[in-house]
Structures are given as structure tokens and as C-alpha cells.
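Visitor: See final.cif below, with mmCIF, C-alpha atoms.
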data_my_file
#
loop_
_atom_site.group_PDB
_atom_site.id
_atom_site.type_symbol
_atom_site.label_atom_id
_atom_site.label_comp_id
_atom_site.auth_asym_id
_atom_site.auth_seq_id
_atom_site.Cartn_x
_atom_site.Cartn_y
_atom_site.Cartn_z
ATOM 1 C CA MET A 1 53.386 145.090 103.699
ATOM 2 C CA LYS A 2 51.951 142.494 101.312
ATOM 3 C CA ILE A 3 51.527 139.089 102.921
ATOM 4 C CA LEU A 4 50.569 135.909 101.090
ATOM 5 C CA ILE A 5 49.090 133.142 103.243
ATOM 6 C CA ALA A 6 49.121 129.835 101.355
ATOM 7 C CA PRO A 7 48.798 126.798 103.646
ATOM 8 C CA ASP A 8 47.609 123.268 103.019
ATOM 9 C CA LYS A 9 45.064 121.679 105.373
ATOM 10 C CA PHE A 10 45.982 120.645 108.906
ATOM 11 C CA LYS A 11 44.442 117.203 108.496
ATOM 12 C CA GLY A 12 42.038 116.250 111.237
ATOM 13 C CA THR A 13 41.968 119.812 112.573
ATOM 14 C CA LEU A 14 41.315 122.552 110.010
ATOM 15 C CA ASP A 15 40.955 122.772 106.252
ATOM 16 C CA ALA A 16 43.310 125.026 104.299
ATOM 17 C CA ARG A 17 40.949 128.011 104.185
ATOM 18 C CA ASP A 18 40.298 127.876 107.927
ATOM 19 C CA VAL A 19 44.032 127.706 108.598
ATOM 20 C CA ALA A 20 44.677 130.721 106.369
ATOM 21 C CA GLN A 21 41.860 132.758 107.890
ATOM 22 C CA ASN A 22 43.084 132.097 111.428
ATOM 23 C CA ILE A 23 46.620 133.139 110.497
ATOM 24 C CA ALA A 24 45.250 136.275 108.840
ATOM 25 C CA ARG A 25 43.267 137.248 111.936
ATOM 26 C CA GLY A 26 46.353 136.902 114.101
ATOM 27 C CA LEU A 27 48.459 138.986 111.730
ATOM 28 C CA LEU A 28 45.894 141.772 111.517
ATOM 29 C CA ASP A 29 45.888 142.049 115.299
ATOM 30 C CA VAL A 30 49.527 143.149 115.207
ATOM 31 C CA LEU A 31 49.786 144.467 111.625
ATOM 32 C CA PRO A 32 46.441 146.169 110.990
ATOM 33 C CA ASP A 33 47.681 147.873 107.804
ATOM 34 C CA ALA A 34 48.973 144.696 106.177
ATOM 35 C CA GLN A 35 47.638 143.727 102.745
ATOM 36 C CA ILE A 36 46.822 140.051 103.114
ATOM 37 C CA GLU A 37 45.936 137.604 100.355
ATOM 38 C CA ILE A 38 44.647 134.146 101.241
ATOM 39 C CA VAL A 39 45.354 131.268 98.841
ATOM 40 C CA PRO A 40 44.369 127.828 100.203
ATOM 41 C CA MET A 41 46.664 125.113 98.838
ATOM 42 C CA ALA A 42 46.579 121.343 98.380
ATOM 43 C CA ASP A 43 48.897 118.646 97.080
ATOM 44 C CA GLY A 44 46.569 116.340 95.183
ATOM 45 C CA GLY A 45 44.979 114.888 98.296
ATOM 46 C CA GLU A 46 41.715 115.939 99.851
ATOM 47 C CA GLY A 47 41.062 119.638 99.441
ATOM 48 C CA THR A 48 42.488 119.821 95.911
ATOM 49 C CA ALA A 49 39.193 120.687 94.225
ATOM 50 C CA GLU A 50 38.375 123.275 96.875
ATOM 51 C CA ALA A 51 41.794 124.920 96.508
ATOM 52 C CA ILE A 52 41.522 125.223 92.732
ATOM 53 C CA CYS A 53 37.899 126.329 92.778
ATOM 54 C CA ALA A 54 38.562 128.964 95.425
ATOM 55 C CA ALA A 55 40.961 130.674 93.026
ATOM 56 C CA ARG A 56 38.914 130.303 89.846
ATOM 57 C CA ASP A 57 35.459 131.189 88.582
ATOM 58 C CA CYS A 58 34.080 127.824 89.545
ATOM 59 C CA SER A 59 30.620 126.460 90.309
ATOM 60 C CA TRP A 60 29.825 123.235 92.134
ATOM 61 C CA VAL A 61 27.948 120.438 90.399
ATOM 62 C CA GLU A 62 26.201 117.572 92.168
ATOM 63 C CA CYS A 63 25.714 114.110 90.717
ATOM 64 C CA LYS A 64 24.454 110.721 91.844
ATOM 65 C CA VAL A 65 27.146 108.063 92.154
ATOM 66 C CA HIS A 66 27.873 104.845 94.028
ATOM 67 C CA ASP A 67 30.085 104.861 97.108
ATOM 68 C CA PRO A 68 32.851 102.254 97.714
ATOM 69 C CA LEU A 69 30.237 99.695 98.788
ATOM 70 C CA CYS A 70 27.879 100.478 95.875
ATOM 71 C CA ARG A 71 25.372 102.571 97.824
ATOM 72 C CA LYS A 72 23.827 105.552 96.039
ATOM 73 C CA ILE A 73 25.174 108.889 97.295
ATOM 74 C CA ASP A 74 25.423 112.525 96.236
ATOM 75 C CA ALA A 75 28.870 113.647 95.110
ATOM 76 C CA ARG A 76 30.090 116.992 93.826
ATOM 77 C CA TYR A 77 32.850 118.416 91.684
ATOM 78 C CA GLY A 78 33.931 121.832 90.493
ATOM 79 C CA TRP A 79 32.991 123.078 87.038
ATOM 80 C CA ILE A 80 34.684 125.943 85.181
ATOM 81 C CA ASP A 81 32.338 126.480 82.269
ATOM 82 C CA ARG A 82 34.449 128.792 80.097
ATOM 83 C CA GLN A 83 37.195 126.148 79.987
ATOM 84 C CA LYS A 84 34.886 123.119 80.068
ATOM 85 C CA LEU A 85 37.090 121.957 82.936
ATOM 86 C CA ALA A 86 35.935 119.628 85.713
ATOM 87 C CA VAL A 87 37.883 119.558 88.979
ATOM 88 C CA MET A 88 37.126 116.567 91.152
ATOM 89 C CA GLU A 89 38.443 114.397 93.955
ATOM 90 C CA MET A 90 38.157 110.639 93.811
ATOM 91 C CA SER A 91 37.410 110.631 97.549
ATOM 92 C CA GLU A 92 34.017 112.214 96.835
ATOM 93 C CA ALA A 93 32.902 108.852 95.480
ATOM 94 C CA ALA A 94 35.425 106.345 96.803
ATOM 95 C CA GLY A 95 36.975 107.953 99.857
ATOM 96 C CA MET A 96 37.578 106.643 103.363
ATOM 97 C CA ARG A 97 35.209 109.289 104.662
ATOM 98 C CA ARG A 98 32.358 107.439 102.962
ATOM 99 C CA LEU A 99 32.842 104.408 105.220
ATOM 100 C CA SER A 100 32.725 103.708 108.924
ATOM 101 C CA GLU A 101 35.778 102.028 110.425
ATOM 102 C CA THR A 102 33.998 98.659 110.493
ATOM 103 C CA GLU A 103 33.051 98.956 106.801
ATOM 104 C CA ARG A 104 36.610 99.281 105.521
ATOM 105 C CA ASP A 105 37.369 96.400 103.175
ATOM 106 C CA PRO A 106 39.579 97.016 100.115
ATOM 107 C CA ILE A 107 38.553 93.708 98.566
ATOM 108 C CA ARG A 108 34.933 94.870 98.292
ATOM 109 C CA ALA A 109 35.557 98.608 97.856
ATOM 110 C CA THR A 110 35.220 99.875 94.288
ATOM 111 C CA THR A 111 36.090 102.959 92.251
ATOM 112 C CA PHE A 112 32.934 102.543 90.143
ATOM 113 C CA GLY A 113 31.625 105.871 91.463
ATOM 114 C CA VAL A 114 34.727 107.657 90.160
ATOM 115 C CA GLY A 115 33.800 106.466 86.692
ATOM 116 C CA GLU A 116 30.302 107.833 87.222
ATOM 117 C CA MET A 117 31.727 111.252 88.102
ATOM 118 C CA ILE A 118 33.876 111.191 84.966
ATOM 119 C CA LEU A 119 30.873 110.289 82.821
ATOM 120 C CA ASP A 120 28.810 113.061 84.388
ATOM 121 C CA ALA A 121 31.522 115.593 83.527
ATOM 122 C CA THR A 122 31.805 114.354 79.951
ATOM 123 C CA GLY A 123 28.040 114.630 79.650
ATOM 124 C CA ARG A 124 28.420 118.321 80.465
ATOM 125 C CA GLY A 125 30.913 118.692 77.649
ATOM 126 C CA ALA A 126 34.165 118.572 79.614
ATOM 127 C CA ASN A 127 37.344 118.943 77.581
ATOM 128 C CA GLU A 128 39.596 118.348 80.568
ATOM 129 C CA ILE A 129 39.289 116.773 84.002
ATOM 130 C CA ILE A 130 41.599 117.212 86.969
ATOM 131 C CA ILE A 131 41.207 114.414 89.516
ATOM 132 C CA GLY A 132 42.796 114.603 92.954
ATOM 133 C CA LEU A 133 43.905 111.158 94.108
ATOM 134 C CA GLY A 134 43.863 111.109 97.880
ATOM 135 C CA GLY A 135 41.881 109.780 100.819
ATOM 136 C CA SER A 136 40.850 106.605 98.995
ATOM 137 C CA ALA A 137 39.132 103.588 100.539
ATOM 138 C CA THR A 138 39.873 101.452 97.488
ATOM 139 C CA ASN A 139 42.645 99.206 96.214
ATOM 140 C CA ASP A 140 41.246 98.068 92.872
ATOM 141 C CA GLY A 141 43.698 99.573 90.379
ATOM 142 C CA GLY A 142 40.856 101.456 88.706
ATOM 143 C CA PHE A 143 38.985 98.207 87.966
ATOM 144 C CA GLY A 144 35.630 99.609 89.084
ATOM 145 C CA MET A 145 36.141 102.912 87.288
ATOM 146 C CA ALA A 146 37.064 101.143 84.054
ATOM 147 C CA ARG A 147 33.996 98.899 84.238
ATOM 148 C CA CYS A 148 31.826 101.990 84.614
ATOM 149 C CA LEU A 149 33.446 103.425 81.481
ATOM 150 C CA GLY A 150 32.567 100.317 79.504
ATOM 151 C CA TYR A 151 35.598 98.039 79.795
ATOM 152 C CA ARG A 152 34.916 94.327 80.297
ATOM 153 C CA PHE A 153 37.247 92.127 82.330
ATOM 154 C CA LEU A 154 37.105 88.443 81.441
ATOM 155 C CA SER A 155 38.299 85.179 82.940
ATOM 156 C CA ASN A 156 38.161 83.062 79.796
ATOM 157 C CA GLU A 157 34.610 83.969 78.718
ATOM 158 C CA LYS A 158 33.238 84.816 82.169
ATOM 159 C CA GLU A 159 32.965 88.507 83.000
ATOM 160 C CA LEU A 160 34.494 89.609 86.308
ATOM 161 C CA THR A 161 32.257 92.119 88.072
ATOM 162 C CA GLY A 162 32.670 91.452 91.789
ATOM 163 C CA ALA A 163 35.562 91.698 94.226
ATOM 164 C CA VAL A 164 38.867 92.976 92.901
ATOM 165 C CA THR A 165 40.557 89.721 93.938
ATOM 166 C CA GLY A 166 38.734 88.065 91.035
ATOM 167 C CA LEU A 167 41.321 89.736 88.807
ATOM 168 C CA GLN A 168 43.769 87.018 89.847
ATOM 169 C CA ASN A 169 42.054 84.953 87.137
ATOM 170 C CA LEU A 170 41.936 87.721 84.508
ATOM 171 C CA THR A 171 42.679 86.547 80.966
ATOM 172 C CA LYS A 172 41.425 89.366 78.732
ATOM 173 C CA ILE A 173 40.227 92.981 78.793
ATOM 174 C CA GLU A 174 37.728 94.210 76.214
ATOM 175 C CA ALA A 175 37.596 97.951 75.567
ATOM 176 C CA PRO A 176 34.302 99.772 74.902
ATOM 177 C CA VAL A 177 33.252 98.927 71.344
ATOM 178 C CA ALA A 178 31.170 102.061 70.855
ATOM 179 C CA ALA A 179 34.148 104.259 71.619
ATOM 180 C CA GLY A 180 36.214 102.674 68.881
ATOM 181 C CA VAL A 181 39.143 101.945 71.184
ATOM 182 C CA SER A 182 41.370 98.944 71.556
ATOM 183 C CA LEU A 183 44.010 97.621 73.902
ATOM 184 C CA ALA A 184 45.770 96.057 70.917
ATOM 185 C CA LYS A 185 49.522 96.557 70.904
ATOM 186 C CA SER A 186 50.920 99.742 69.420
ATOM 187 C CA ARG A 187 54.582 100.515 68.868
ATOM 188 C CA THR A 188 54.146 104.242 69.144
ATOM 189 C CA GLN A 189 51.630 105.173 71.821
ATOM 190 C CA PRO A 190 49.115 103.723 74.273
ATOM 191 C CA SER A 191 45.634 102.975 72.943
ATOM 192 C CA ARG A 192 43.188 105.833 72.757
ATOM 193 C CA PRO A 193 40.993 106.172 75.839
ATOM 194 C CA PRO A 194 37.217 105.772 75.532
ATOM 195 C CA LEU A 195 36.757 109.426 76.448
ATOM 196 C CA GLN A 196 38.249 111.950 74.057
ATOM 197 C CA LEU A 197 39.438 114.476 76.613
ATOM 198 C CA ASN A 198 42.482 115.237 78.727
ATOM 199 C CA ILE A 199 42.601 113.823 82.246
ATOM 200 C CA ILE A 200 45.190 114.934 84.776
ATOM 201 C CA ALA A 201 45.655 112.732 87.834
ATOM 202 C CA ALA A 202 46.948 114.967 90.631
ATOM 203 C CA VAL A 203 48.889 112.810 93.098
ATOM 204 C CA ASP A 204 50.481 113.383 96.475
ATOM 205 C CA VAL A 205 52.585 110.187 96.448
ATOM 206 C CA LYS A 206 55.124 108.651 94.054
ATOM 207 C CA ASN A 207 54.448 104.998 94.841
ATOM 208 C CA PRO A 208 54.400 102.424 92.027
ATOM 209 C CA LEU A 209 51.516 100.002 91.671
ATOM 210 C CA LEU A 210 53.219 96.907 93.083
ATOM 211 C CA GLY A 211 55.919 95.740 95.469
ATOM 212 C CA LYS A 212 57.037 96.743 98.929
ATOM 213 C CA ASN A 213 56.468 100.417 98.098
ATOM 214 C CA GLY A 214 53.307 99.778 96.111
ATOM 215 C CA ALA A 215 49.681 100.648 96.680
ATOM 216 C CA THR A 216 48.699 97.491 98.540
ATOM 217 C CA ARG A 217 51.608 96.954 100.910
ATOM 218 C CA VAL A 218 52.020 100.600 101.894
ATOM 219 C CA PHE A 219 48.420 101.792 102.089
ATOM 220 C CA GLY A 220 46.366 98.591 102.254
ATOM 221 C CA PRO A 221 46.548 98.128 106.046
ATOM 222 C CA GLN A 222 45.011 101.543 106.772
ATOM 223 C CA LYS A 223 42.118 100.614 104.482
ATOM 224 C CA GLY A 224 41.372 97.437 106.407
ATOM 225 C CA ALA A 225 43.557 94.899 104.599
ATOM 226 C CA THR A 226 44.878 92.058 106.744
ATOM 227 C CA THR A 227 47.982 90.074 105.751
ATOM 228 C CA ASP A 228 46.029 87.478 103.769
ATOM 229 C CA LYS A 229 44.034 90.186 101.990
ATOM 230 C CA ILE A 230 47.211 92.086 101.132
ATOM 231 C CA ASP A 231 48.671 89.054 99.369
ATOM 232 C CA ALA A 232 45.458 88.453 97.398
ATOM 233 C CA LEU A 233 45.169 92.113 96.417
ATOM 234 C CA GLU A 234 48.799 92.209 95.303
ATOM 235 C CA ARG A 235 48.289 89.162 93.092
ATOM 236 C CA ALA A 236 45.135 90.683 91.611
ATOM 237 C CA LEU A 237 46.794 93.984 90.715
ATOM 238 C CA ALA A 238 49.857 92.187 89.363
ATOM 239 C CA ARG A 239 47.650 90.144 87.044
ATOM 240 C CA LEU A 240 45.781 93.282 85.970
ATOM 241 C CA ALA A 241 49.083 94.976 85.124
ATOM 242 C CA ASP A 242 50.292 91.888 83.241
ATOM 243 C CA VAL A 243 47.196 91.694 81.039
ATOM 244 C CA VAL A 244 47.209 95.431 80.322
ATOM 245 C CA ALA A 245 50.878 95.204 79.296
ATOM 246 C CA GLU A 246 50.289 92.077 77.181
ATOM 247 C CA GLN A 247 47.405 93.646 75.277
ATOM 248 C CA SER A 248 48.643 97.221 74.943
ATOM 249 C CA GLY A 249 52.408 96.828 74.823
ATOM 250 C CA PHE A 250 52.743 99.479 77.542
ATOM 251 C CA ASP A 251 53.591 98.625 81.139
ATOM 252 C CA GLN A 252 52.487 101.416 83.469
ATOM 253 C CA ARG A 253 52.987 99.647 86.809
ATOM 254 C CA ASN A 254 56.225 101.415 87.733
ATOM 255 C CA VAL A 255 55.223 104.937 86.726
ATOM 256 C CA PRO A 256 55.644 107.188 89.794
ATOM 257 C CA GLY A 257 52.164 107.738 91.194
ATOM 258 C CA ALA A 258 50.673 104.613 89.589
ATOM 259 C CA GLY A 259 50.022 103.338 93.103
ATOM 260 C CA ALA A 260 48.158 106.473 94.188
ATOM 261 C CA ALA A 261 44.622 105.958 95.517
ATOM 262 C CA GLY A 262 44.916 102.186 95.612
ATOM 263 C CA GLY A 263 46.253 101.973 92.082
ATOM 264 C CA LEU A 264 43.722 104.367 90.569
ATOM 265 C CA GLY A 265 46.711 106.222 89.132
ATOM 266 C CA PHE A 266 47.515 103.074 87.149
ATOM 267 C CA GLY A 267 43.898 102.731 86.077
ATOM 268 C CA LEU A 268 43.676 106.298 84.837
ATOM 269 C CA LEU A 269 46.929 105.880 82.909
ATOM 270 C CA SER A 270 45.917 102.576 81.358
ATOM 271 C CA PHE A 271 42.212 103.054 80.659
ATOM 272 C CA CYS A 272 41.813 106.819 80.261
ATOM 273 C CA GLY A 273 45.135 107.909 78.785
ATOM 274 C CA ALA A 274 45.622 110.227 81.762
ATOM 275 C CA LYS A 275 48.765 112.096 82.722
ATOM 276 C CA ILE A 276 50.040 111.861 86.291
ATOM 277 C CA GLN A 277 51.341 115.094 87.794
ATOM 278 C CA PRO A 278 52.383 116.100 91.312
ATOM 279 C CA GLY A 279 49.285 117.585 92.901
ATOM 280 C CA PHE A 280 51.113 120.586 94.322
ATOM 281 C CA GLU A 281 52.275 121.592 90.847
ATOM 282 C CA VAL A 282 48.744 121.257 89.468
ATOM 283 C CA VAL A 283 47.283 123.418 92.227
ATOM 284 C CA ALA A 284 50.137 125.943 92.153
ATOM 285 C CA GLU A 285 49.624 126.523 88.434
ATOM 286 C CA ALA A 286 45.849 126.758 88.802
ATOM 287 C CA VAL A 287 46.046 129.409 91.533
ATOM 288 C CA ALA A 288 48.982 131.307 89.921
ATOM 289 C CA LEU A 289 51.073 130.798 93.062
ATOM 290 C CA GLU A 290 54.411 131.827 91.539
ATOM 291 C CA SER A 291 53.213 135.266 90.432
ATOM 292 C CA LYS A 292 51.493 135.843 93.768
ATOM 293 C CA MET A 293 54.699 134.981 95.626
ATOM 294 C CA LYS A 294 56.708 137.431 93.514
ATOM 295 C CA ASP A 295 54.279 140.180 94.450
ATOM 296 C CA ALA A 296 54.443 139.455 98.193
ATOM 297 C CA ASP A 297 56.846 140.738 100.832
ATOM 298 C CA LEU A 298 56.179 137.760 103.077
ATOM 299 C CA VAL A 299 54.831 134.274 102.348
ATOM 300 C CA ILE A 300 53.406 132.104 105.118
ATOM 301 C CA THR A 301 52.626 128.439 104.533
ATOM 302 C CA GLY A 302 52.129 125.292 106.564
ATOM 303 C CA GLU A 303 50.502 121.878 106.764
ATOM 304 C CA GLY A 304 49.655 119.313 109.422
ATOM 305 C CA SER A 305 53.236 118.071 109.600
ATOM 306 C CA LEU A 306 56.254 119.916 108.245
ATOM 307 C CA ASP A 307 59.004 117.499 107.190
ATOM 308 C CA ARG A 308 61.320 116.805 104.263
ATOM 309 C CA GLN A 309 58.327 115.851 102.095
ATOM 310 C CA THR A 310 57.007 119.390 102.576
ATOM 311 C CA LEU A 311 60.221 120.839 101.138
#
Transcribe the structure of this file into C-alpha cells.
Guide:
Amino acid sequence: MKILIAPDKFKGTLDARDVAQNIARGLLDVLPDAQIEIVPMADGGEGTAEAICAARDCSWVECKVHDPLCRKIDARYGWIDRQKLAVMEMSEAAGMRRLSETERDPIRATTFGVGEMILDATGRGANEIIIGLGGSATNDGGFGMARCLGYRFLSNEKELTGAVTGLQNLTKIEAPVAAGVSLAKSRTQPSRPPLQLNIIAAVDVKNPLLGKNGATRVFGPQKGATTDKIDALERALARLADVVAEQSGFDQRNVPGAGAAGGLGFGLLSFCGAKIQPGFEVVAEAVALESKMKDADLVITGEGSLDRQTL
């Protein structure tokens, strides 16, 4: 009997590989002749890079970046050299796991380190980057990431570089001059990103940027946002979305997944020309899940909580 074991992580208990290995050990106790294949899965949240790299000829690359509070840390991402493909998770630089509970503050937290990871990958010659958007400590709409990539955010002539709430006074965004890009309006397509490569944002939620189902109101409280902070953050991201739409002619705020990772989905769409895709589909394609399922007599899966979202 051919058995495929393809679970996601059991968050807070075991990662996907540990889950699969434990299931396999139990099966072999009662079915010692079974042919078992282990394929750890993920849905765009934490564990996405590990799941893809486990199934591909992937090496791990370390780089120096800044954490959500701008402290220097070591981060890593997967690198598939023959494809010039980088596989990373935003949580490596800007995740909740980088902060203690008392340090959580989405007004101060920045995605600047995500931009540093992207730049490191492009420096290696990346043609494509897959970024898992999950486990974030940030709520800056990609503001920090975009600044790292060379965008300037202005309030009249004053550059905004501090807390994301400063974006409430945003009047203009200047794109990187050296990259030859512009946020000027186009009738046909969004402006070219500063990095000439494909970026796929793998998401595990469909939330828009703003509103009752948006990044701030749904996920802000678990990142340390009190009621007054939530209102300020919402105004800041709304102003960011307004200025991007005014200058580019494209309004990305309601794209499903724009609210992922504190609005980083929106930032990747607007400033990097990224495509948002359901994380499960990205991982399933990368690990060739469909063909493996067709070859199996039995498929076993699971995650921390099985509900209608699982199906």
C-alpha cells in the first residue's frame, strides 16, 4: 500500500515534518510493508519556505536584516540556484516570534527587514521570489519594506521615516529614481516595480486592507494594538491606499489578501508588482502534490484545527 502523508503544522505543538514523521511511525507499527511518502505542507503562513524547500533541491541562505524594532538579526531564506528562485517568509524578519509579548507594538513595528531580504535575494541574481505572508508582527502596509527598496514617503516636503501612523499626513510617494520607475498614472497596467523580477505573495487569508475585515481591525489586537491605536493605524493605511491610487491609477486595497501580514500584501502589490496567490496552491504546485496524490492509495493530512477553512 502506498500512503502519502501531507499535513500542515500543528501550531504551537509540532511543525509539519514532525507531524508527518509521527504519523508514519504509527502506521509502520501496524503496516510494516507500507510504502510511505512524507510531504510537509503549508498554506502561506509559517512553514511555507520549509515545505517548499523540503521538496526541492534547495539550500539555505543567511543574511543580516533588521527585526520589527530595527535591531540587527540573522534571517534565512531558501535558494534554488538552477531556477534563481528565493523562497522566504516575511516572519523571518518581521514576525511575532521576533518580539516578546511586552514588545508588541504595531505602530513601531516595521517591515524594513523584509525589504532587506528581498534585496539580498536580488543581489544573488533572483528571477523570482516566493514570500509567505504569515506570523507578522507588523501593520504598516509594506511602508517599511518600500522604504528599504528606495521609495520615499513625503508629507509636503518632509520625508516620513518613523512610525507608520505618520502616514496619516502622507501627500506624495516618490519611487526609486535609479530604477527608472514611476507611480504616475497608467491606463493599462500598474507602474513597473523597482526590482525586475516576479514576486509571488503566498497568503493564508483573503482579508482586504481596510474595514471591519481588514488587516488592522481583524489582526491588530493580537499584535498589541489597543482601540486608539487601531483607529490611528486604520487612518494611516487608508491614506497610504489613497495616495497610491491617486498617483498610480490603481486601487489595490480591496484585492483579496491585500490585508495579509498587516497589509504587506497591499505593499507587495503596489510597490513590487507582486501577484497574490493562495499559499496552499503555491506550496501544492511546488511539491507536486496532485501527482503524488494520484499515485497514492491513501492520503493522510491534518492541521492544528480542522474546520471549513481547511476544506
Visitor: To one decimal place, how far is CA of Val205 in chain A from CA of Gly304 in chain A in Å?
Guide: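 Value for the CA of Val205 in chain A-CA of Gly304 in chain A distance: 16.1 Å.
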Visitor: Looking at only C-alpha atoms, which of A:Leu170, A:Ala274, A:Cys58, A:Cys63 is the one that sits closest to Ala238 in chain A?
Guide: A:Leu170
Visitor: Interatomic distance between CA of Gly142 in chain A and CA of Gly267 in chain A?
Guide: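 These atoms are spaced 4.2 Å apart.
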Visitor: Could you check which of A:Gly162, A:Gly214, A:Gly26, A:Pro176 is closest to Gly150 in chain A, using only C-alpha atoms?
Guide: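 Once distances to Gly150 in chain A are computed over only C-alpha atoms, the minimum belongs to A:Pro176.
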Visitor: Go through the shown structure with the PyMOL selection byres ((chain A and resi 94) around 10) and write out the matching residues as a list in words.
Guide: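 Output of the PyMOL selection byres ((chain A and resi 94) around 10): Val65, His66, Asp67, Pro68, Leu69, Cys70, Ala75, Glu89, Met90, Ser91, Glu92, Ala93, Gly95, Met96, Arg97, Arg98, Leu99, Ala109, Thr110, Thr111, Phe112, Gly113, Val114, Gly134, Gly135, Ser136, Ala137, Thr138 and Ala261 of chain A.
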Visitor: Keeping only C-alpha atoms, write those residues as a tab-separated table (two decimals), keeping the file's coordinate frame.
Guide:
chain	number	residue	atom	x	y	z
A	65	VAL	CA	27.15	108.06	92.15
A	66	HIS	CA	27.87	104.84	94.03
A	67	ASP	CA	30.08	104.86	97.11
A	68	PRO	CA	32.85	102.25	97.71
A	69	LEU	CA	30.24	99.70	98.79
A	70	CYS	CA	27.88	100.48	95.88
A	75	ALA	CA	28.87	113.65	95.11
A	89	GLU	CA	38.44	114.40	93.96
A	90	MET	CA	38.16	110.64	93.81
A	91	SER	CA	37.41	110.63	97.55
A	92	GLU	CA	34.02	112.21	96.84
A	93	ALA	CA	32.90	108.85	95.48
A	95	GLY	CA	36.98	107.95	99.86
A	96	MET	CA	37.58	106.64	103.36
A	97	ARG	CA	35.21	109.29	104.66
A	98	ARG	CA	32.36	107.44	102.96
A	99	LEU	CA	32.84	104.41	105.22
A	109	ALA	CA	35.56	98.61	97.86
A	110	THR	CA	35.22	99.88	94.29
A	111	THR	CA	36.09	102.96	92.25
A	112	PHE	CA	32.93	102.54	90.14
A	113	GLY	CA	31.62	105.87	91.46
A	114	VAL	CA	34.73	107.66	90.16
A	134	GLY	CA	43.86	111.11	97.88
A	135	GLY	CA	41.88	109.78	100.82
A	136	SER	CA	40.85	106.60	99.00
A	137	ALA	CA	39.13	103.59	100.54
A	138	THR	CA	39.87	101.45	97.49
A	261	ALA	CA	44.62	105.96	95.52
Visitor: Hey, can you check how far CA of Ser270 in chain A sits from CA of Phe143 in chain A?
Guide: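 Computing the Euclidean distance for CA of Ser270 in chain A and CA of Phe143 in chain A yields 10.5 Å.
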Visitor: I'd like the neighbourhood of Phe153 in chain A as number ranges by chain, where a residue qualifies if any of its atoms comes within 7 Å (using all atoms listed in the file), though same-chain residues fewer than 2 positions away should be ignored.
Guide: A: 151, 159-160, 170, 172-174
Visitor: Can you write range 284-299 of chain A from the block above with N, CA and C atoms, as a compact mmCIF listing (two decimals), in the first residue's frame?
Guide:
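This is the output file selection.txt:
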# COMPACT_ATOMS: atom_id res chain seq x y z
N ALA A 284 1.37 23.51 -2.97
CA ALA A 284 0.94 22.28 -3.64
C ALA A 284 1.60 22.12 -5.01
N GLU A 285 1.70 23.22 -5.75
CA GLU A 285 2.37 23.16 -7.05
C GLU A 285 3.86 22.89 -6.89
N ALA A 286 4.47 23.54 -5.91
CA ALA A 286 5.92 23.39 -5.72
C ALA A 286 6.31 21.97 -5.33
N VAL A 287 5.45 21.30 -4.57
CA VAL A 287 5.78 19.94 -4.11
C VAL A 287 5.15 18.86 -4.99
N ALA A 288 4.47 19.27 -6.08
CA ALA A 288 3.81 18.32 -7.00
C ALA A 288 2.80 17.45 -6.26
N LEU A 289 1.97 18.08 -5.43
CA LEU A 289 1.03 17.34 -4.58
C LEU A 289 0.02 16.54 -5.39
N GLU A 290 -0.51 17.12 -6.46
CA GLU A 290 -1.55 16.43 -7.23
C GLU A 290 -1.06 15.10 -7.80
N SER A 291 0.13 15.10 -8.38
CA SER A 291 0.65 13.85 -8.96
C SER A 291 0.95 12.83 -7.87
N LYS A 292 1.41 13.30 -6.73
CA LYS A 292 1.70 12.38 -5.62
C LYS A 292 0.41 11.76 -5.09
N MET A 293 -0.66 12.54 -5.05
CA MET A 293 -1.94 12.01 -4.58
C MET A 293 -2.49 10.96 -5.54
N LYS A 294 -2.32 11.18 -6.84
CA LYS A 294 -2.80 10.22 -7.83
C LYS A 294 -2.08 8.88 -7.71
N ASP A 295 -0.85 8.93 -7.24
CA ASP A 295 -0.04 7.72 -7.13
C ASP A 295 -0.24 6.99 -5.81
N ALA A 296 -1.02 7.59 -4.90
CA ALA A 296 -1.18 7.01 -3.56
C ALA A 296 -2.50 6.26 -3.43
N ASP A 297 -2.48 5.23 -2.58
CA ASP A 297 -3.71 4.51 -2.24
C ASP A 297 -4.45 5.20 -1.10
N LEU A 298 -3.70 5.88 -0.26
CA LEU A 298 -4.28 6.54 0.90
C LEU A 298 -3.53 7.85 1.14
N VAL A 299 -4.28 8.92 1.39
CA VAL A 299 -3.68 10.22 1.70
C VAL A 299 -4.12 10.62 3.10
